Every structure is written in C-alpha cells, then in structure tokens.
There are 2 protein chains.
Amino acid sequence: MSPKITTELLRQLRQVMKSSRYLTEPIQAYIVPSGDAHQSEYIAPCDCRRAFISGFDGSAGTAIITEQKAAMWTDGRYFLQAAQQIDSNWTLMKMGLKDTPTQEDWLVSVLPEGSKVGVDPFIIPADQWKRISKALKSAGHVLVPVKENLIDAIWMDRPQRPCKPLMTLDLSYTGIGWKEKIAAMRAKMVERKVLWLVVTALDEVSWLFNLRGSDVEYNPVFFAYAVIGTDTIRLFISGDRMADPSTREHLLLDSSLEAEFKIQVVPYESVLTELQAICVGLSPKEKVWLSDKASYALTEAIPKAHRYLTPCTPICIAKAVKNAAETEGMRRAHVPKGSVTEISAADKAEEFRSQQNDFVDLSFATISSTGPNGAIIHYKPVPETNRALSGNEIYLLDSGAQYKDGTTDVTRTMHFGTPSAYEKECFTYVLKGHIAVSAAIFPNGTKGHLLDSFARSALWDCGLDYLHGTGHGVGCFLNVHEGPCGISYKTFADEPLEAGMIVSDEPGYYEDESFGIRIENVVLVIPAKTKYNFSNRGSLTFEPLTLVPIQTKMISVPLLTQKECDWVNDYHRKCREVIGAELKSQGRHEALQWLIRETEPITKMH
Amino acid sequence: MSPKITTELLRQLRQVMKSSRYLTEPIQAYIVPSGDAHQSEYIAPCDCRRAFISGFDGSAGTAIITEQKAAMWTDGRYFLQAAQQIDSNWTLMKMGLKDTPTQEDWLVSVLPEGSKVGVDPFIIPADQWKRISKALKSAGHVLVPVKENLIDAIWMDRPQRPCKPLMTLDLSYTGIGWKEKIAAMRAKMVERKVLWLVVTALDEVSWLFNLRGSDVEYNPVFFAYAVIGTDTIRLFISGDRMADPSTREHLLLDSSLEAEFKIQVVPYESVLTELQAICVGLSPKEKVWLSDKASYALTEAIPKAHRYLTPCTPICIAKAVKNAAETEGMRRAHVPKGSVTEISAADKAEEFRSQQNDFVDLSFATISSTGPNGAIIHYKPVPETNRALSGNEIYLLDSGAQYKDGTTDVTRTMHFGTPSAYEKECFTYVLKGHIAVSAAIFPNGTKGHLLDSFARSALWDCGLDYLHGTGHGVGCFLNVHEGPCGISYKTFADEPLEAGMIVSDEPGYYEDESFGIRIENVVLVIPAKTKYNFSNRGSLTFEPLTLVPIQTKMISVPLLTQKECDWVNDYHRKCREVIGAELKSQGRHEALQWLIRETEPITKMH
C-alpha cells in the first residue's frame with residue numbers, strides 16, 4: 001500500500017477555503033467527516049470525501065485541514081492502515097491513546113485568533129457539531145456551516161450518487177408488514193407525545209418499508225428519508241425508482257387505502273425544505289422526533305422548542321429486536337460455505353457463498369490476510385500487498401454475506417502448517433475471551449458494555465489486549481454493523497440487551513508486523529435458565545448462529561478449563577449436526593469429511 | 001422502624017410554597033435534594049432537610065413535593081429502608097427499575113400547565129439543574145431558584161451549622177505540604193489556561209490545606225470553600241477557627257511569606273459575593289475552573305464565557321492517587337480490631353478500634369445486622385429493630401474508622417452456628433466475585449466500571465445479583481467514600497484507575513426478609529507483573545489493605561476453583577503474618593489464637 005500524494009489536492013482545497021465563490025468569508029480550517037448525510041458507516045463512492053482528500057479509506061476517520069496543517073483522526077482498528085495510506089502532508093491522530101488531542105483541542109492549539117472553521121452541515125452529526133462548536137466558541141473561534149461541499153468543489157471525477165433498483169421483501173422474510181410497522185411506530189409517537197418522526201438512517205428506512213436496495217456496497221439499502229406524521233407518510237427518494245410495478249404494488253401506491261397509510265413520494269433532495277415547511281406549521285408544544293445523531297442541517301431545520309431528540313429512534317430499537325421470521329432467517333442464512341493467495345481465498349469464499357440460496361451480496365469487503373497483514377485489523381487485500389498463503393503463517397479470514405433471509409459475518413484464524421507455541425497461546429486467550437462472552441449469563445436489561453471485559457480477561461492476565469470493541473449489532477438482511485446494542489468498552493448509545501437482538505462476538509489479538517488473530521461468531525440473545533431468579537428479572541445468554549469449526553490445531557488445550565473444553569466440543573457437535581446435514585443434502589462429501597475432521601472433540605489431560 | 005408522620009409538615013410546606021414572604025410568585029412543586037452546599041454525601045444535621053420533611057434518612061435520595069403529591073427517589077441500597085421510613089403521603093420511586101419515571105418525567109406528568117418548580121440553588125448541583133430545567137422548559141414549565149430554603153422556613157428546631165475546632169496534619173501523615181499542593185494545582189491551572197480554581201468539596205479543602213475537622217459525622221472535614229488564584233489564596237471559613245495558634249502556625253498566617261502563599265481568611269457566607277466580584281474583574285477569555293457538580297448558585301455566579309467546568313477538579317484526582325506517606329498510613333491504619341445484640345457488637349467493635357493508636361472517629365455509622373436486617377443494605381441498628389445475634393442467623397458487620405494515618409472500611413459476614421447449604425452457596429458466589437475483582441489484572445488506564453461485571457459473574461450464572469456498585473474510592477483520613485474512581489455498572493465521572501488509588505471491593509447478596517451477605521476489603525491499586533506487555537502500557541492489579549479473616553465456615557469449597565482456594569489461603573497467610581505479629585506485640589493472646597483458628601487453610605478435594 002503506498003500513500004496517496006495529496007500535495008496538489010490540499011493546495012486546491014486551501015484555495016477554495018478562501019474563495020468567495022463558495023464562502024462569504026474565508027475559513028481557516030475545514031472538517032471532512034467520514035459519513036454521508038445519513039450517518040452511514042459504509043458509504044457510496046460519491047460520499048468518500050475523506051478518502052479522496054487523504055487517501056485513507058478505512059470506515060472511520062475524520063480529516064481536518066487548516067491553512068498549514070492536515071490531520072487525520074482514526075481508531076485502533078486503522079492505525080496501521082492509515083499510516084500506510086496517508087502521505088507526509090498529514091499527521092495521524094491515534095484516537096484512544098492518552099496523548100492524542102481531540103479534534104477540538106487540536107484546532108484550538110493550531111488556529112490563529114478568531115478563526116472560522118467550516119463543515120458541510122449535512123454530513124456532520126448534530127451532537128458532534130455541538131461539541132466542536134462549543135469548544136471553538138469558548139476559545140474565541142466559530143464553527144460555520146458551508147452549504148456547498150468544498151471537497152466536491154475540487155473533486156473533478158466525483159462519481160454520481162447511485163440510484164439502483166429496489167427489491168421488495170415479503171412477509172415470509174420480514175414477519176411484519178410495513179403498515180403494521182408504521183402503526184407500531186405511531187403508537188410509540190403517541191406514547192412520547194410527538195407529532196412527527198423523521199427517519200434519516202438508510203437501514204431504518206429500508207426496514208420500515210420492507211424494501212432493500214444496493215446503493216451502498218455490502219449494505220442492502222437505498223438513499224431515502226422518511227417523515228412519518230400521525231396520518232401522513234412521506235418517502236423522500238430519487239429517480240424513477242417508484243416506477244417499478246412490483247415496488248408500487250408492495251407500497252400499495254395505486255390502491256385505494258386508508259388515508260393514513262397513503263405514501264406520498266417526494267424527491268430525495270427536498271427533505272430539508274419539506275421539513276422546514278412542516279415546522280412552520282407546528283403549534284407550540286408540538287414536537288418532531290429525530291435521532292440525536294442526525295445531521296446538523298436537519299436538526300437545525302426543527303426549531304429548538306419543537307425538537308425531540310433521542311439517541312435511538314423507535315425504529316432503531318424495533319429493528320434490533322428480531323422477530324420469529326427474522327430469527328429463523330438469520331439461522332438459515334448461517335449454513336454452509338466451503339473454503340490460495342489472500343485474494344484467491346477470498347474469491348473462493350465468495351464463490352461458495354454465492355452458490356447458496358437467497359444469496360444477494362457480500363455484507364462487507366472480505367478481510368483475507370496472512371502473517372503480518374493480519375495485524376492490520378481492517379485489512380483488505382489488494383494486488384500490491386497480496387501475500388501467498390503459506391504453511392508458516394497464520395491466516396485470518398473475516399467474511400460475510402447478505403442473503404434475503406439474513407446477514408452473516410464470521411472470522412476464523414487458521415494455520416496450515418505448524419503454529420508456534422506463542423501463536424497457539426495467543427489464539428487460546430482469544431478463544432477463552434470468545435467463550436467467556438458467548439457462554440455469559442447476565443440479567444435482563446444488562447448493557448453490552450458490561451460484558452466487554454469478559455472477552456479481555458484472559459488476555460489481560462498476560463498483559464495482552466486488543467484495540468477494538470468486542471461486538472456490534474447485526475442487521476437482518478440489513479447493515480452488518482447496526483445499533484443500538486453492542487459489546488464494547490465504549491459506553492455511548494448502548495441500549496440494554498434483549499432476547500431477539502443479534503450481535504457479534506469477536507475478540508482478537510494483533511501483533512504488529514507479525515500476525516492477527518480474531519474469532520468471530522454472530523450470536524443471538526436468548527433467555528437463559530438459571531437456578532434462581534433474583535427480583536424476578538430473568539436472565540439472558542447467547543446462542544451462536546455462526547456454525548463454522550474453530551481450528552483445534554491452534555488451541556493450547558492445557559490453557560482451557562474443563563468448562564471451556566466442553567463449550568468447544570458442544571459447539572463442534574452442533575456444527576457437525578446442522579452443517580453436516582446440509583452438506584450431506586447438498587452432496588458435498590469432501591466438505592463433509594473436512595467438517596468431521598475439524599470437529600473432532602478435544603480432551604484435557606488430567 | 002416506624003414511618004415519620006408528615007401530614008402536618010407537608011401542609012406547612014405547601015403553604016410556604018404559596019407564600020409571598022418567600023416567593024414573588026407561588027410555585028407548584030419544590031425539589032428537596034439530599035446534599036448540602038458542597039455536594040457532600042454525608043451531611044451535617046442542619047442539612048438533613050430531605051430526612052426532616054420525609055423521615056427517610058438514607059445517604060441518597062431526592063424528595064419532590066407538589067400541591068397534591070409527594071415522591072421520594074432513591075436507589076437499590078435503600079428501597080427497603082425508605083419504604084419503612086416514609087408514610088402514606090409519599091410515593092417511593094425506585095431508581096434503576098425499568099418502570100420508575102425520572103424526576104423530570106414525573107414532574108411533567110403531574111404538573112398543571114405552565115407550572116413553576118422551585119429549588120434551593122445552593123444545594124442543587126448545576127448539572128442536575130440543567131437536566132431538570134431543560135426537561136421542564138420543553139414541557140412548558142420553568143425551574144426557578146428559591147433563595148430562602150423553604151424547608152428551613154418550616155423547620156422550627158433546625159440545628160446550628162457545626163463549627164468544630166480544626167486539626168492540623170504534619171508531613172509524616174500527608175507526605176506533601178500545603179504550599180507544595182497549591183503550587184502543583186497552580187501548575188495544572190497554567191496547563192489548562194485558567195486563572196482561578198474554586199474548591200467547593202469539603203474533602204478537597206481539607207486535603208489541600210492538610211487540615212481536618214469534625215463538622216460532619218464520620219467525615220473528618222469542616223465547612224469551608226477555597227478560591228485559588230495565580231497569586232492569591234482565599235479560604236472561606238466561619239467562626240473563630242483561625243484564632244487557634246496551632247492552626248495559624250500551620251497555615252503560616254502570621255509569618256512573613258511569599259505573597260502568593262499568603263492565605264486571606266474570608267467569612268464562609270461571603271463566597272458567592274466574592275466570586276461574583278472576582279468575575280466582574282475578568283478580561284475576555286479569562287477562565288474560572290469549577291467542578292461540574294458544584295452548586296447551581298456558584299456555577300451561575302461565573303458568566304458562561306468564563307466558566308471552565310470539568311467532572312473532576314485537579315484536586316480530586318491528586319487526592320485519589322495516594323503518595324508514599326499516605327499509602328503507608330493506610331496500611332498502618334488497617335491493623336488489629338478485636339471483635340452480643342447488633343448494637344452491643346457494634347459498640348464492642350468501636351471500643352476495640354478506639355484503643356488503637358491514632359484513632360479519631362468511626363468513618364461511618366457501623367452496619368451491624370443479623371438475619372433479615374442484613375437485607376437492608378445500609379441498615380443501622382436502633383433500639384426498635386435491634387435483634388439478638390443467634391446461632392441460626394447470618395451476621396453482617398460493616399464498620400470502619402478514621403485514624404490520623406488513614407481511613408478503614410471493612411465488611412465481614414459470619415455465622416455463629418451452622419449455616420444452611422443455601423447460605424453457604426450464596427456466600428461463596430459473593431466470595432468468588434470479591435476474588436475476581438481483587439485478583440483482576442487489567443491495563444493501565446482501565447476505568448473501574450469495566451471491572452464491575454467480574455464481581456457479579458458467579459452470581460449472574462445462577463440468576464442472582466446485587467443492587468449496588470462494587471466499590472468506591474476511599475480517602476486517606478478523609479471521606480470513606482470519595483471520587484473520582486470506583487467500580488460500578490454506573491459509568492459517570494469514572495476516572496481511569498492508577499497505581500496509588502484506593503478503592504473498596506465489596507460485592508454482596510441480599511435476600512429480602514431473610515439475610516444479607518457482603519465481603520468488603522479496601523484495596524490499593526498497584527502495578528502488576530505480566531508475562532507480556534502489549535503496547536508498552538503496563539498492567540495494574542489490587543493489593544488488599546484490609547487484613548481480616550474471611551469466615552471459612554461459610555465457604556462451600558467445591559464451588560471454588562483451585563486458583564480461588566489459593567487466593568483465600570494466601571490472603572489468610574498474610575492476615576496471620578501481619579495481624580498476628582501485631583496481636584503478639586499487643587499481648588492479645590486470645591485474639592491471636594482466634595486468628596490462627598480462623599485462618600486455617602482450606603483444601604479442595606480432588
């Protein structure tokens with residue numbers, strides 16, 4: 001991976017930052033967040049502005065360019081990758097390390113007195129705006145919204161915004177019809193005494209209307225907003241996508257229908273003006289519900305007295321708790337995959353996946369890495385870095401797919417020769433952490449961050465750790481990363497775990513320039529039976545949906561407790577039963593033999 | 001415990017809430033927080049306004065009285081006690097349970113349109129004011145500061161504010177002189193570019209000046225504020241306490257001294273007007289540093305543009321990390337106590353403690369409870385509830401003392417007959433949790449809340465739990481509960497653990513109407529040696545300072561792992577060595593025999 005040379009681009013951007021064509025007054029710094037107008041984690045090529053200006057194309061990061069400097073903030077998953085992708089014009093700001101300044105502290109330290117800092121109000125979340133604006137203000141600077149995006153102004157070959165055809169999902173996949181979902185959300189609105197609900201997250205719009213798209217790679221979503229009133233529904237969407245007969249039928253656009261379920265289709269770009277118009281008509285005390293992570297532009301469109309902001313919209317929570325049809329779908333989606341450079345192995349994994357029923361797309365770019373590349377946590381193989389798999393190095397494969405019935409995401413770490421004692425030791429600590437979370441029993445209402453240390457305890461005991469969270473919410477034929485639940489030492493926006501939620505369990509260990517280990521299953525939150533039941537609260541635990549053998553060759557069995565050995569053997573027994581039956585019925589005898597070999601029980605010597 | 005009859009008091013309060021003598025306009029609700037003007041946890045009798053109006057005298061709780069209703073919010077430690085102490089005029093609001101409304105939500109649901117809610121601005125922390133005010137405002141109500149405290153207006157026999165003599169502490173106890181401490185705080189002020197530091201917490205004032213008092217029971221502090229400028233020191237304190245020659249000498253009041261260490265002594269009551277005067281003289285950008293937990297009154301005295309608010313003052317953090325003299329003192333303070341109704345046992349414990357060198361006072365009201373009283377987490381025996389200790393019931397003793405060299409806090413749970421299998425089972429889960437925290441190894445910079453689940457895991461596995469945090473910071477001859485660190489599922493104001501910090505480790509299990517179990521040690525954060533050292537971060541663990549046998553009769557040994565057995569035996573070996581030597585030198589042969597019996601090693605059968 002060689003860095004992108006950005007000298008000329010930065011020169012152009014700094015020129016634009018002073019140009020009266022875009023600005024009434026020059027700005028001394030420009031913030032380039034990573035998201036799109038929907039605060040998506042994965043974004044369309046036209047929205048990859050931070051990658052364009054800097055070269056760093058990881059999923060999380062913020063660039064800030066001043067008249068003299070350029071700095072890039074990213075987290076532990078991307079320290080290595082970002083360092084390789086940015087050139088010497090940039091300073092890498094490693095978030096989470098003690099001495100790394102926050103964006104606002106850094107700005108205050110480098111800006112000349114009385115500076116103006118610009119940002120596109122559509123792509124900065126309102127809470128971030130508020131935090132940065134406050135800090136700048138108290139140091140005598142000001143944060144200003146810049147309507148025209150300044151990156152777009154210098155991006156000559158910027159791709160078009162995608163506008164791909166939609167896919168409708170019927171009840172057998174979704175369990176609940178869209179009218180029913182809207183009625184349920186309106187009930188939540190009545191409960192909170194709000195008149196309007198603004199839906200800005202792409203996966204929330206998709207879930208609400210039981211539609212899927214492919215505007216964003218790996219995420220089956222489409223560019224749209226929705227505004228739900230007590231008896232109106234507005235869907236903001238571009239192009240002629242509503243011309244398709246099956247979509248029209250699905251949304252009952254041509255049927256005579258109760259007025260409150262009649263969908264008004266409105267152009268995507270008009271969301272701001274329509275929202276402003278709605279707010280003009282509000283009586284005092286009438287409220288509009290919006291996520292506090294929505295863009296500053298949309299948040300500002302609602303006068304303060306009418307805003308009802310919450311960390312999660314009711315859709316976000318309803319979507320996280322999977323219904324029976326969705327849970328069943330997620331279970332089905334987790335059946336066979338078969339598995340030699342990094343790229344060819346990744347391609348092979350995709351080929352096997354795509355042979356399965358209901359396959360739609362991958363759920364994210366496959367991470368296929370061997371040896372030192374494994375230490376780049378979100379590594380994606382490209383020809384320049386492609387290494388041959390060998391019998392001397394650890395191989396890490398993190399891959400997943402979108403099926404009509406569900407989304408998968410699995411990581412396994414393997415060795416095709418003889419792993420070293422140290423590699424086995426580290427693998428075993430990671431496995432102990434994986435089991436500690438997967439087998440944990442905890443009270444109803446527990447937040448995921450309270451389980452994070454279980455995943456790290458075995459590593460901590462030896463002075464080891466990993467610089468990423470332990471798990472994320474997983475959508476059902478939706479984004480592979482979704483809120484509002486997760487398992488992380490970070491505690492923000494962490495809704496309590498409930499039966500029906502689905503998260504990943506993926507501790508790891510990464511040794512720079514040497515190897516990477518991660519063991520990841522997608523797990524379903526289920527009720528747990530316990531001996532007692534304190535305060536009648538009930539308990540929860542996890543059921544693994546992912547059923548892929550964990551390479552026993554990598555395990556140092558003496559480091560496992562008897563309970564942990566039993567967990568591994570039980571898990572492998574289930575893999576044999578469920579996946580074995582499927583392989584048999586697909587006539588894949590070689591794969592079946594492999595499965596049986598890989599799921600041999602392990603035994604602890606006494 | 002019979003409830004306080006509050007019908008007449010509430011009638012009087014509601015009259016005052018409409019009285020033009022105290023208010024320009026009537027208020028429809030009045031909030032009575034539990035704290036004093038310093039946000040102390042333990043408060044002087046004159047500040048026990050919430051207990052006066054409601055009868056509930058636990059350490060945490062907020063009362064709100066409207067024209068029709070009266071409600072009391074408290075947490076899991078006090079559900080039983082509050083229910084017993086309040087009469088039917090009151091509704092108990094159990095915080096932390098799912099269906100309990102927040103104070104602001106409840107107010108919004110019961111208030112008539114356009115209501116005024118009053119509160120004493122000196123006793124409500126600014127962050128609470130802000131939260132409540134915002135919620136009320138968005139529902140069309142308003143929160144107003146009421147200068148004269150309305151409880152005081154109806155409290156005929158309200159005690160005087162205490163004004164007890166001060167005690168000076170020399171370097172052998174404090175390790176650092178007060179001038180050096182002030183210089184260190186000024187260095188922090190320069191770092192943060194602030195001109196003034198306002199010290200409002202009583203223990204912070206005590207620590208800063210190496211003074212102690214006895215204005216508040218169990219807490220060796222005195223009523224005072226301090227305002228530190230870059231070259232001035234103001235100490236706000238009442239009465240003639242500065243007349244005492246040893247105090248004058250300690251503070252160098254009569255010495256010729258560098259100007260920047262000259263202390264101006266100012267009357268306690270003038271803090272608000274002095275602070276306002278300071279703020280009038282500020283140039284733009286000049287900042288005043290204050291805790292964000294300080295009172296609304298003091299926070300408002302600083303114009304917004306000049307405020308520098310942080311969750312912790314620099315004193316709070318410096319105080320939490322104990323220096324060598326303090327650590328040594330804390331170690332010394334944890335030597336022998338000897339150890340029959342609940343009250344007589346508590347008295348005996350106090351008698352034994354008071355025979356030790358440097359004894360000053362208890363550090364909190366002893367909790368001595370047997371059988372069902374043990375389930376009241378913060379139970380304090382009084383004649384009406386006093387039960388005889390018996391051979392059939394579990395006995396819980398939670399006690400501590402203030403010595404000149406340190407503060408202690410220890411809980412042990414004992415049975416003087418034959419505990420039931422269930423009692424032993426529960427005790428063993430609690431012990432496993434205690435050990436899991438005490439023996440935990442974790443990276444430098446870990447926040448305490450990430451360790452909380454370790455204490456609960458064994459209980460959770462069986463569907464059990466406890467409704468309080470696992471540990472609190474412990475002051476050094478200061479408050480037995482201090483910030484900014486702790487071990488709790490609650491995550492606010494949780495500073496990372498550092499070597500030198502001291503916290504308690506006290507998981508429990510409480511069965512309503514039956515028994516209570518808690519095992520508490522005070523533990524010191526120390527560096528841990530680990531096999532590896534990821535990212536060169538270093539690791540931490542805990543060293544128990546408390547050395548009191550854990551009753552092995554209560555342990556169900558088969559439930560312990562070999563590692564846990566080893567921990568118990570190692571701990572008891574250390575008790576024998578350190579405490580045994582002390583008992584021998586004090587000539588307490590009977591106690592020594594008891595110690596040897598109680599510290600016999602346990603063995604796991606194979």
# chains A, B, ... in the order shown; residues from 1 in each chain; ligands from 1
$ residues_around --residues "range 384-391 of chain B" --least-positions-apart "4" --cutoff "9 Å" --atoms "only C-alpha atoms" --output "list of chain:residue names"
B:Met1, B:Ser2, B:Val340, B:Thr341, B:Glu342, B:Ile343, B:Ala345, B:Ser369, B:Thr370, B:Gly371, B:Asn373, B:Tyr395, B:His415, B:Phe416, B:Gly417, B:Thr418, B:Pro419
$ select_by_dssp --residues "range 332-549 of chain A" --states "alpha helix (DSSP H)" --output "PyMOL selection string"
chain A and resi 332-333+342-354+421-438+452-461
$ residues_around --residues "Lys69 in chain B" --least-positions-apart "3" --cutoff "8 Å" --atoms "only C-alpha atoms" --output "list in words"
Ile65, Thr66, Asn89 and Trp90 of chain B
$ residues_around --residues "Ser270 in chain B" --least-positions-apart "5" --cutoff "12 Å" --atoms "only C-alpha atoms" --output "list in words"
Ala224, Tyr225, Ala226, Val227, Arg234, Leu235, Phe236, Ile237, Ser238, Val265, Leu275, Gln276, Ala277 and Leu298 of chain B
$ atom_distance --atom1 "CA of Val410 in chain A" --atom2 "CA of Asn569 in chain A"
18.9 Å
$ atom_distance --atom1 "CA of Asp398 in chain B" --atom2 "CA of Thr366 in chain B"
5.9 Å
$ residues_around --residues "range 178-182 of chain A" --least-positions-apart "6" --cutoff "12 Å" --atoms "only C-alpha atoms" --output "PyMOL selection string"
chain A and resi 168-171+188-189+197+199+204-211+226-234+250-252+257-263+314-315+318-319
$ residues_around --residues "range 43-48 of chain A" --least-positions-apart "5" --cutoff "7 Å" --atoms "only C-alpha atoms" --output "list in words"
Gly35, Asp36, Arg158, Pro159, Gln160, Arg161, Asp215, Val216 and Glu217 of chain A
$ select_by_dssp --residues "range 194-329 of chain B" --states "strand (DSSP E)" --output "ChimeraX atom specification"
/B:196-199,211-212,224-229,233-237,263-266,288-291,307-310
$ closest_residue --among "B:Asn392, B:Ser138, B:Asn219, B:Ser20" --to "chain A" --atoms "only C-alpha atoms"
B:Ser138
$ residues_around --residues "Pro3 in chain A" --least-positions-apart "3" --cutoff "8 Å" --atoms "only C-alpha atoms" --output "list of chain:residue names"
A:Gly55, A:Gln84, A:Gln85, A:Ile86, A:Asp87
$ closest_residue --among "A:Tyr429, A:Trp460, A:Trp196, A:Tyr379" --to "Ser556 in chain A" --atoms "only C-alpha atoms"
A:Tyr429
$ atom_distance --atom1 "CA of Thr299 in chain B" --atom2 "CA of Val146 in chain B"
15.5 Å
